[in-house]
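Student: Hey, dropping coords-v1.pdb in here, PDB, C-alpha atoms, pLDDT in the B column:
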ATOM      1  CA  MET A  21      12.569  11.477  -8.944  1.00 49.00           C
ATOM      2  CA  PRO A  22      10.328  12.215  -5.929  1.00 55.00           C
ATOM      3  CA  LEU A  23       7.411   9.962  -5.114  1.00 57.00           C
ATOM      4  CA  ALA A  24       3.884  11.280  -5.532  1.00 54.00           C
ATOM      5  CA  PRO A  25       2.261  11.853  -2.121  1.00 56.00           C
ATOM      6  CA  GLN A  26      -0.885   9.859  -3.042  1.00 55.00           C
ATOM      7  CA  ARG A  27      -1.425   7.797  -6.163  1.00 55.00           C
ATOM      8  CA  ALA A  28      -5.053   7.045  -6.917  1.00 56.00           C
ATOM      9  CA  ASP A  29      -4.252   4.903  -9.954  1.00 70.00           C
ATOM     10  CA  VAL A  30      -2.701   2.040  -7.968  1.00 79.00           C
ATOM     11  CA  PRO A  31      -4.635  -0.698  -6.149  1.00 89.00           C
ATOM     12  CA  VAL A  32      -3.213   0.118  -2.711  1.00 92.00           C
ATOM     13  CA  THR A  33      -2.733   3.591  -1.296  1.00 92.00           C
ATOM     14  CA  ILE A  34      -1.077   4.557   1.975  1.00 94.00           C
ATOM     15  CA  ASP A  35      -2.090   7.592   4.029  1.00 95.00           C
ATOM     16  CA  GLU A  36       1.343   8.805   5.116  1.00 93.00           C
ATOM     17  CA  SER A  37      -0.131  10.839   7.966  1.00 95.00           C
ATOM     18  CA  LYS A  38      -1.388   7.586   9.547  1.00 97.00           C
ATOM     19  CA  CYS A  39       1.526   5.308   8.548  1.00 97.00           C
ATOM     20  CA  ILE A  40       3.886   4.459  11.422  1.00 95.00           C
ATOM     21  CA  ASP A  41       7.539   5.097  10.600  1.00 92.00           C
ATOM     22  CA  GLY A  42       9.370   1.812  10.110  1.00 88.00           C
ATOM     23  CA  CYS A  43       6.314  -0.413  10.577  1.00 95.00           C
ATOM     24  CA  THR A  44       6.400  -3.288   8.089  1.00 96.00           C
ATOM     25  CA  LEU A  45       3.149  -5.122   8.878  1.00 97.00           C
ATOM     26  CA  CYS A  46       1.479  -4.373   5.525  1.00 97.00           C
ATOM     27  CA  VAL A  47       4.679  -5.113   3.608  1.00 97.00           C
ATOM     28  CA  ASP A  48       5.081  -8.446   5.393  1.00 97.00           C
ATOM     29  CA  MET A  49       1.471  -9.450   4.625  1.00 96.00           C
ATOM     30  CA  CYS A  50       1.562  -8.818   0.860  1.00 96.00           C
ATOM     31  CA  PRO A  51       1.879 -12.135  -1.025  1.00 95.00           C
ATOM     32  CA  LEU A  52       3.112 -10.318  -4.154  1.00 94.00           C
ATOM     33  CA  ASP A  53       5.716  -8.101  -2.466  1.00 93.00           C
ATOM     34  CA  SER A  54       3.973  -5.093  -4.007  1.00 94.00           C
ATOM     35  CA  LEU A  55       4.539  -2.899  -0.959  1.00 95.00           C
ATOM     36  CA  ALA A  56       7.838  -1.532   0.287  1.00 95.00           C
ATOM     37  CA  ILE A  57       9.191   0.910   2.857  1.00 95.00           C
ATOM     38  CA  ASP A  58      10.566   4.202   1.563  1.00 94.00           C
ATOM     39  CA  GLU A  59      14.047   4.506   3.057  1.00 93.00           C
ATOM     40  CA  ARG A  60      13.808   8.304   3.098  1.00 93.00           C
ATOM     41  CA  ASN A  61      10.777   8.612   5.368  1.00 93.00           C
ATOM     42  CA  GLY A  62      10.151   5.094   6.731  1.00 94.00           C
ATOM     43  CA  LYS A  63       6.635   5.002   5.269  1.00 95.00           C
ATOM     44  CA  ALA A  64       5.056   2.218   3.219  1.00 95.00           C
ATOM     45  CA  TYR A  65       4.202   2.669  -0.452  1.00 94.00           C
ATOM     46  CA  MET A  66       3.153   0.501  -3.385  1.00 92.00           C
ATOM     47  CA  HIS A  67       6.229   0.046  -5.556  1.00 90.00           C
ATOM     48  CA  VAL A  68       4.694  -2.174  -8.262  1.00 87.00           C
ATOM     49  CA  ASP A  69       1.210  -1.807  -9.745  1.00 82.00           C
ATOM     50  CA  GLU A  70       0.103  -5.359  -9.091  1.00 86.00           C
ATOM     51  CA  CYS A  71      -2.455  -6.510  -6.565  1.00 91.00           C
ATOM     52  CA  TRP A  72      -4.730  -9.486  -5.936  1.00 92.00           C
ATOM     53  CA  TYR A  73      -7.089  -7.297  -3.861  1.00 91.00           C
ATOM     54  CA  CYS A  74      -6.787  -9.901  -1.116  1.00 92.00           C
ATOM     55  CA  GLY A  75      -6.769  -7.254   1.643  1.00 93.00           C
ATOM     56  CA  PRO A  76      -4.447  -8.557   4.393  1.00 95.00           C
ATOM     57  CA  CYS A  77      -2.302  -5.433   4.082  1.00 96.00           C
ATOM     58  CA  ALA A  78      -5.252  -3.206   4.992  1.00 96.00           C
ATOM     59  CA  ALA A  79      -6.585  -5.609   7.623  1.00 96.00           C
ATOM     60  CA  ARG A  80      -3.184  -5.832   9.367  1.00 95.00           C
ATOM     61  CA  CYS A  81      -2.519  -2.077   9.464  1.00 97.00           C
ATOM     62  CA  PRO A  82      -3.030  -0.935  13.078  1.00 96.00           C
ATOM     63  CA  THR A  83      -3.793   2.676  12.108  1.00 97.00           C
ATOM     64  CA  GLY A  84      -5.979   2.208   9.024  1.00 97.00           C
ATOM     65  CA  ALA A  85      -3.418   3.872   6.775  1.00 97.00           C
ATOM     66  CA  VAL A  86      -3.715   1.226   4.044  1.00 96.00           C
ATOM     67  CA  THR A  87      -6.610   1.330   1.586  1.00 94.00           C
ATOM     68  CA  VAL A  88      -7.229  -1.319  -1.072  1.00 93.00           C
ATOM     69  CA  ASN A  89      -8.874   0.410  -4.042  1.00 88.00           C
ATOM     70  CA  MET A  90     -10.885  -2.516  -5.308  1.00 84.00           C
ATOM     71  CA  PRO A  91     -12.349  -2.065  -8.809  1.00 80.00           C
ATOM     72  CA  TYR A  92     -16.117  -1.740  -8.891  1.00 73.00           C
ATOM     73  CA  LEU A  93     -16.554  -4.972 -10.870  1.00 68.00           C
ATOM     74  CA  LEU A  94     -14.760  -7.014  -8.175  1.00 66.00           C
ATOM     75  CA  ARG A  95     -16.816  -5.688  -5.231  1.00 62.00           C
TER      76      ARG A  95
END
Show this structure as structure tokens.

Tutor:
Amino acid sequence: MPLAPQRADVPVTIDESKCIDGCTLCVDMCPLDSLAIDERNGKAYMHVDECWYCGPCAARCPTGAVTVNMPYLLR
């Protein structure tokens, strides 16, 4: 089954056009191991729908490809 290009229903989204192939900085920063690298294209994606909204994945991304979709009530 192919992956959806952008999922808005998950806490973390990755802009594939900005994601550096093979970079693992966001994956390495996630304390829940919610992010992974797609072996087919070398891009990061959220493989489990769990997030603490802690933000190091987005802060560590050198290109700004990672967005943490924090719920309104937590802002």

Student: Which residue gives the smallest distance to Cys43 in chain A among A:Gly62, A:Gly84, A:Gly75, A:Pro91, with only C-alpha atoms counted?

Tutor: A:Gly62

Student: From the set A:Arg80, A:Ala56, A:Val47, A:Met66, which residue has the shortest atom-to-atom contact distance to Pro31 in chain A, counting only C-alpha atoms?

Tutor: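 Looking at the shortest contact to Pro31 in chain A, the residue is A:Met66.
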
Student: To test your reading of the syntax: which residues would the PyMOL selection byres ((chain A and resi 73) around 9) return for the file shown? Reply as a PyMOL selection string.

Tutor: chain A and resi 31-32+71-72+74-76+88-91+94

Student: If you take every atom of range 86-93 of chain A that the file lists and fit an axis-aligned box around them with 4 Å extra on each side, what centre and edge lengths come out in Å to one decimal, as AutoDock Vina command-line options?

Tutor:
--center_x -10.1 --center_y -1.8 --center_z -3.4 --size_x 20.8 --size_y 14.3 --size_z 22.9

Student: Taking the file as shown, what set of residues would the PyMOL selection byres ((chain A and resi 48) around 12) give back, as a PyMOL selection string?

Tutor: chain A and resi 43-47+49-57+64+76-78+80-81

Student: Restricting the output to C-alpha atoms, write the selected residues as a short mmCIF file (atom, residue, chain, number, x, y, z; two decimals), in the coordinates of the input.

Tutor:
data_model
loop_
_atom_site.label_atom_id
_atom_site.label_comp_id
_atom_site.auth_asym_id
_atom_site.auth_seq_id
_atom_site.Cartn_x
_atom_site.Cartn_y
_atom_site.Cartn_z
CA CYS A 43 6.31 -0.41 10.58
CA THR A 44 6.40 -3.29 8.09
CA LEU A 45 3.15 -5.12 8.88
CA CYS A 46 1.48 -4.37 5.52
CA VAL A 47 4.68 -5.11 3.61
CA MET A 49 1.47 -9.45 4.62
CA CYS A 50 1.56 -8.82 0.86
CA PRO A 51 1.88 -12.14 -1.02
CA LEU A 52 3.11 -10.32 -4.15
CA ASP A 53 5.72 -8.10 -2.47
CA SER A 54 3.97 -5.09 -4.01
CA LEU A 55 4.54 -2.90 -0.96
CA ALA A 56 7.84 -1.53 0.29
CA ILE A 57 9.19 0.91 2.86
CA ALA A 64 5.06 2.22 3.22
CA PRO A 76 -4.45 -8.56 4.39
CA CYS A 77 -2.30 -5.43 4.08
CA ALA A 78 -5.25 -3.21 4.99
CA ARG A 80 -3.18 -5.83 9.37
CA CYS A 81 -2.52 -2.08 9.46
#

Student: What does the PyMOL selection byres ((chain A and resi 37) around 12) select in this file, as a list in words?

Tutor: Pro25, Gln26, Ile34, Asp35, Glu36, Lys38, Cys39, Ile40, Asp41, Asn61, Gly62, Lys63, Ala64, Thr83, Gly84, Ala85 and Val86 of chain A
